[in-house]
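This is data_29.json. It holds JSON, C-alpha atoms.
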```json
[["chain", "number", "residue", "atom", "x", "y", "z"],
["A", 1, "MET", "CA", 27.53, -3.82, -38.33],
["A", 2, "SER", "CA", 30.11, -5.82, -40.20],
["A", 3, "GLY", "CA", 29.52, -7.46, -43.58],
["A", 4, "GLY", "CA", 28.20, -10.73, -42.16],
["A", 5, "MET", "CA", 25.81, -9.31, -39.57],
["A", 6, "LYS", "CA", 22.08, -9.25, -40.11],
["A", 7, "PHE", "CA", 19.37, -6.90, -38.85],
["A", 8, "ASN", "CA", 17.12, -8.06, -36.03],
["A", 9, "GLY", "CA", 14.49, -5.60, -34.95],
["A", 10, "TYR", "CA", 11.39, -3.76, -36.03],
["A", 11, "MET", "CA", 10.89, -2.13, -39.43],
["A", 12, "LYS", "CA", 8.25, 0.38, -40.41],
["A", 13, "VAL", "CA", 8.13, 1.49, -44.05],
["A", 14, "ARG", "CA", 6.10, 4.45, -45.27],
["A", 15, "ILE", "CA", 5.82, 4.69, -49.04],
["A", 16, "GLY", "CA", 5.31, 8.32, -49.95],
["A", 17, "GLU", "CA", 5.32, 8.73, -53.70],
["A", 18, "ALA", "CA", 7.01, 7.72, -56.92],
["A", 19, "VAL", "CA", 7.80, 10.08, -59.77],
["A", 20, "ASP", "CA", 8.65, 9.74, -63.45],
["A", 21, "LEU", "CA", 7.81, 6.05, -63.69],
["A", 22, "GLN", "CA", 8.25, 4.82, -67.24],
["A", 23, "PRO", "CA", 6.66, 1.79, -68.89],
["A", 24, "THR", "CA", 9.06, -0.91, -70.00],
["A", 25, "ARG", "CA", 9.24, -2.16, -73.56],
["A", 26, "TRP", "CA", 7.54, -5.35, -72.37],
["A", 27, "SER", "CA", 4.61, -3.43, -70.87],
["A", 28, "LEU", "CA", 4.11, -1.64, -74.21],
["A", 29, "ARG", "CA", 3.87, -4.88, -76.21],
["A", 30, "HIS", "CA", 0.07, -4.66, -76.59],
["A", 31, "SER", "CA", -0.21, -0.89, -76.65],
["A", 32, "LEU", "CA", -1.52, 0.95, -79.67],
["A", 33, "PHE", "CA", 0.40, 4.05, -78.49],
["A", 34, "LYS", "CA", 3.98, 2.73, -78.46],
["A", 35, "LYS", "CA", 5.47, 6.10, -79.41],
["A", 36, "GLY", "CA", 3.27, 8.19, -77.17],
["A", 37, "HIS", "CA", 3.20, 8.67, -73.43],
["A", 38, "GLN", "CA", 1.58, 5.72, -71.68],
["A", 39, "LEU", "CA", 0.22, 5.98, -68.16],
["A", 40, "LEU", "CA", 0.66, 3.12, -65.74],
["A", 41, "ASP", "CA", -1.50, 1.53, -63.07],
["A", 42, "PRO", "CA", 1.39, 1.15, -60.59],
["A", 43, "TYR", "CA", 1.69, -0.49, -57.21],
["A", 44, "ILE", "CA", 4.74, -1.15, -55.06],
["A", 45, "ALA", "CA", 5.57, -4.51, -53.49],
["A", 46, "VAL", "CA", 7.60, -4.35, -50.27],
["A", 47, "SER", "CA", 9.79, -7.38, -49.47],
["A", 48, "VAL", "CA", 12.40, -8.31, -46.89],
["A", 49, "ASP", "CA", 14.89, -10.90, -48.15],
["A", 50, "GLN", "CA", 12.52, -11.87, -50.98],
["A", 51, "VAL", "CA", 9.54, -12.39, -48.65],
["A", 52, "ARG", "CA", 6.68, -9.97, -49.35],
["A", 53, "VAL", "CA", 5.64, -8.03, -46.26],
["A", 54, "GLY", "CA", 3.30, -5.56, -47.93],
["A", 55, "GLN", "CA", 1.91, -4.06, -51.09],
["A", 56, "THR", "CA", 0.51, -0.63, -51.78],
["A", 57, "SER", "CA", -2.82, -0.05, -53.42],
["A", 58, "THR", "CA", -2.85, 0.32, -57.21],
["A", 59, "LYS", "CA", -3.05, 3.89, -58.46],
["A", 60, "GLN", "CA", -4.88, 4.27, -61.75],
["A", 61, "LYS", "CA", -3.45, 5.92, -64.86],
["A", 62, "THR", "CA", -0.47, 7.80, -63.44],
["A", 63, "ASN", "CA", 3.31, 7.86, -63.65],
["A", 64, "LYS", "CA", 3.49, 9.97, -60.45],
["A", 65, "PRO", "CA", 1.52, 7.99, -57.86],
["A", 66, "THR", "CA", 1.12, 9.19, -54.27],
["A", 67, "TYR", "CA", 0.62, 6.43, -51.74],
["A", 68, "ASN", "CA", 1.28, 7.56, -48.15],
["A", 69, "GLU", "CA", 0.88, 3.94, -47.06],
["A", 70, "GLU", "CA", 2.68, 2.26, -44.17],
["A", 71, "PHE", "CA", 3.85, -1.29, -43.52],
["A", 72, "SER", "CA", 5.31, -2.66, -40.29],
["A", 73, "ALA", "CA", 7.09, -5.93, -39.68],
["A", 74, "PRO", "CA", 9.42, -7.58, -37.22],
["A", 75, "VAL", "CA", 12.64, -8.57, -38.97],
["A", 76, "THR", "CA", 14.77, -11.54, -37.96],
["A", 77, "ASP", "CA", 18.19, -11.97, -39.60],
["A", 78, "GLY", "CA", 17.24, -9.46, -42.29],
["A", 79, "ARG", "CA", 19.70, -8.43, -44.95],
["A", 80, "GLN", "CA", 17.76, -6.21, -47.35],
["A", 81, "LEU", "CA", 14.54, -4.42, -48.14],
["A", 82, "GLU", "CA", 13.32, -4.49, -51.74],
["A", 83, "LEU", "CA", 10.82, -2.11, -53.32],
["A", 84, "ALA", "CA", 9.49, -3.32, -56.65],
["A", 85, "VAL", "CA", 7.11, -1.35, -58.88],
["A", 86, "PHE", "CA", 4.63, -3.26, -61.02],
["A", 87, "HIS", "CA", 2.01, -2.20, -63.57],
["A", 88, "ASP", "CA", -1.31, -3.83, -62.71],
["A", 89, "THR", "CA", -2.55, -5.60, -65.85],
["A", 90, "PRO", "CA", -6.10, -6.83, -66.35],
["A", 91, "ILE", "CA", -5.02, -10.19, -67.82],
["A", 92, "GLY", "CA", -2.05, -12.37, -66.96],
["A", 93, "TYR", "CA", 0.95, -11.45, -64.84],
["A", 94, "ASP", "CA", 1.52, -7.86, -63.79],
["A", 95, "ASP", "CA", 4.34, -6.08, -65.65],
["A", 96, "PHE", "CA", 7.58, -5.35, -63.80],
["A", 97, "VAL", "CA", 8.53, -1.65, -64.03],
["A", 98, "ALA", "CA", 11.51, -1.10, -61.71],
["A", 99, "ASN", "CA", 13.00, -2.06, -58.37],
["A", 100, "CYS", "CA", 15.62, -1.08, -55.83],
["A", 101, "THR", "CA", 17.26, -2.85, -52.93],
["A", 102, "LEU", "CA", 18.19, -1.19, -49.66],
["A", 103, "ARG", "CA", 20.58, -3.09, -47.40],
["A", 104, "PHE", "CA", 19.80, -2.75, -43.71],
["A", 105, "GLN", "CA", 23.53, -2.64, -42.94],
["A", 106, "GLU", "CA", 24.07, 0.37, -45.23],
["A", 107, "LEU", "CA", 21.06, 2.25, -43.83],
["A", 108, "LEU", "CA", 22.29, 1.85, -40.27],
["A", 109, "HIS", "CA", 25.82, 2.81, -41.31],
["A", 110, "MET", "CA", 24.53, 6.04, -42.95],
["A", 111, "THR", "CA", 23.49, 7.45, -39.59],
["A", 112, "GLY", "CA", 26.60, 6.36, -37.73],
["A", 113, "SER", "CA", 24.35, 4.41, -35.38],
["A", 114, "ALA", "CA", 24.44, 0.65, -35.26],
["A", 115, "ASP", "CA", 21.07, 0.58, -33.51],
["A", 116, "ASN", "CA", 18.61, 2.64, -35.51],
["A", 117, "PHE", "CA", 17.91, 4.55, -38.70],
["A", 118, "GLU", "CA", 15.05, 6.92, -39.33],
["A", 119, "GLY", "CA", 14.79, 9.04, -42.43],
["A", 120, "TRP", "CA", 13.68, 9.50, -46.01],
["A", 121, "VAL", "CA", 15.37, 7.26, -48.52],
["A", 122, "SER", "CA", 15.37, 8.04, -52.21],
["A", 123, "ALA", "CA", 17.20, 5.17, -53.82],
["A", 124, "ALA", "CA", 17.75, 4.09, -57.42],
["A", 125, "LEU", "CA", 14.01, 4.34, -57.90],
["A", 126, "PRO", "CA", 12.33, 7.72, -57.73],
["A", 127, "ILE", "CA", 10.39, 6.65, -54.64],
["A", 128, "CYS", "CA", 10.30, 8.46, -51.31],
["A", 129, "VAL", "CA", 10.37, 6.05, -48.40],
["A", 130, "TRP", "CA", 10.29, 6.87, -44.69],
["A", 131, "LEU", "CA", 12.05, 4.01, -42.98],
["A", 132, "PRO", "CA", 12.39, 3.83, -39.18],
["A", 133, "LEU", "CA", 14.50, 0.85, -38.09],
["A", 134, "GLU", "CA", 15.13, -0.09, -34.51],
["A", 135, "ARG", "CA", 17.50, -2.86, -33.56],
["A", 136, "GLY", "CA", 16.48, -5.06, -30.71],
["A", 137, "SER", "CA", 14.69, -8.22, -29.87],
["A", 138, "VAL", "CA", 11.86, -9.29, -32.12],
["A", 139, "ALA", "CA", 8.74, -10.24, -30.18]]
```
The structure given in the file should be rewritten as structure tokens.
Amino acid sequence: MSGGMKFNGYMKVRIGEAVDLQPTRWSLRHSLFKKGHQLLDPYIAVSVDQVRVGQTSTKQKTNKPTYNEEFSAPVTDGRQLELAVFHDTPIGYDDFVANCTLRFQELLHMTGSADNFEGWVSAALPICVWLPLERGSVA
């Protein structure tokens, strides 16, 4: 795939786990324990080109959540997959914790195959993701 090409095919994402998630300064703004260790109520939003295609369940009071959840979606002219971790808050907007972006082009290039990628990805976030991609027509 060259720089301008986009992914057309089928994507299946399996979110395994995240480790060592840390609260942001913003998420600690109402905490009485700013200097101590604060546990999160994290969930992961899965998006393709800024369109949400899935979201994990929220795991309560942990910085090492295990999900083992799977999302599938046909992708047309896709450029990137984004995984964003949020802390589920009881009031107001959920707090952003971290994110990473995986470019379909780079994933397919990693395997030396322009048609498919299947493997565990551990990107800038400490999240294990099983990501089978298969290029082809989207039904």
Q) Separation of CA of Val121 (chain A) and CA of Arg14 (chain A), in Å? A) 10.2 Å
Q: Rank nothing, just name the residue among A:Ala73, A:Met110, A:Val51, A:Ala84 nearest to Asn8 (chain A), using all atoms listed in the file.
A: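 Distance minimum relative to Asn8 (chain A) lands on A:Ala73.
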Q: Take CA of Leu83 (chain A) and CA of Lys6 (chain A) and report the distance between them in Å, one decimal.
A: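 Distance reported for this atom pair: 18.8 Å.
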(Q) When you count all atoms listed in the file, which of these residues is closest to Gly119 (chain A): A:Lys59, A:Leu133, A:Glu106, A:Ala45? (A)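 Of A:Lys59, A:Leu133, A:Glu106, A:Ala45, the one nearest Gly119 (chain A) is A:Leu133, counting all atoms listed in the file.
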**Q.** Using all atoms listed in the file: which of A:Phe7, A:Trp130, A:Tyr43, A:Phe96 has the shortest distance to Thr66 (chain A)
**A.**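 Answer, going by the shortest atom-to-atom distance: A:Tyr43.
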Q | Option closest in space to Val75 (chain A), from A:Ser47, A:Ile15, A:Arg25, A:Phe117 [counting only C-alpha atoms] | A |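 Once distances to Val75 (chain A) are computed over only C-alpha atoms, the minimum belongs to A:Ser47.
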Q: Would you list the residues near (14.9, -5.5, -55.6), meaning any protein, DNA or RNA residue with an atom at most 8 Å from that point in file coordinates, counting all atoms listed in the file, as a ChimeraX atom specification?
A: /A:81-84,99-101
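Distance-wise, CA of Asp49 (chain A) and CA of Phe86 (chain A) end up 18.1 Å apart.
Distances here use all atoms listed in the file; by that measure, the residue among A:Pro65, A:Gly92, A:Pro42, A:Gly78 closest to Pro23 (chain A) is A:Pro42.
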Q.
Given all atoms listed in the file as the basis, pick out the residue of A:Met5, A:Val97, A:Leu131, A:Val13 nearest to Gly54 (chain A).
A. A:Val13
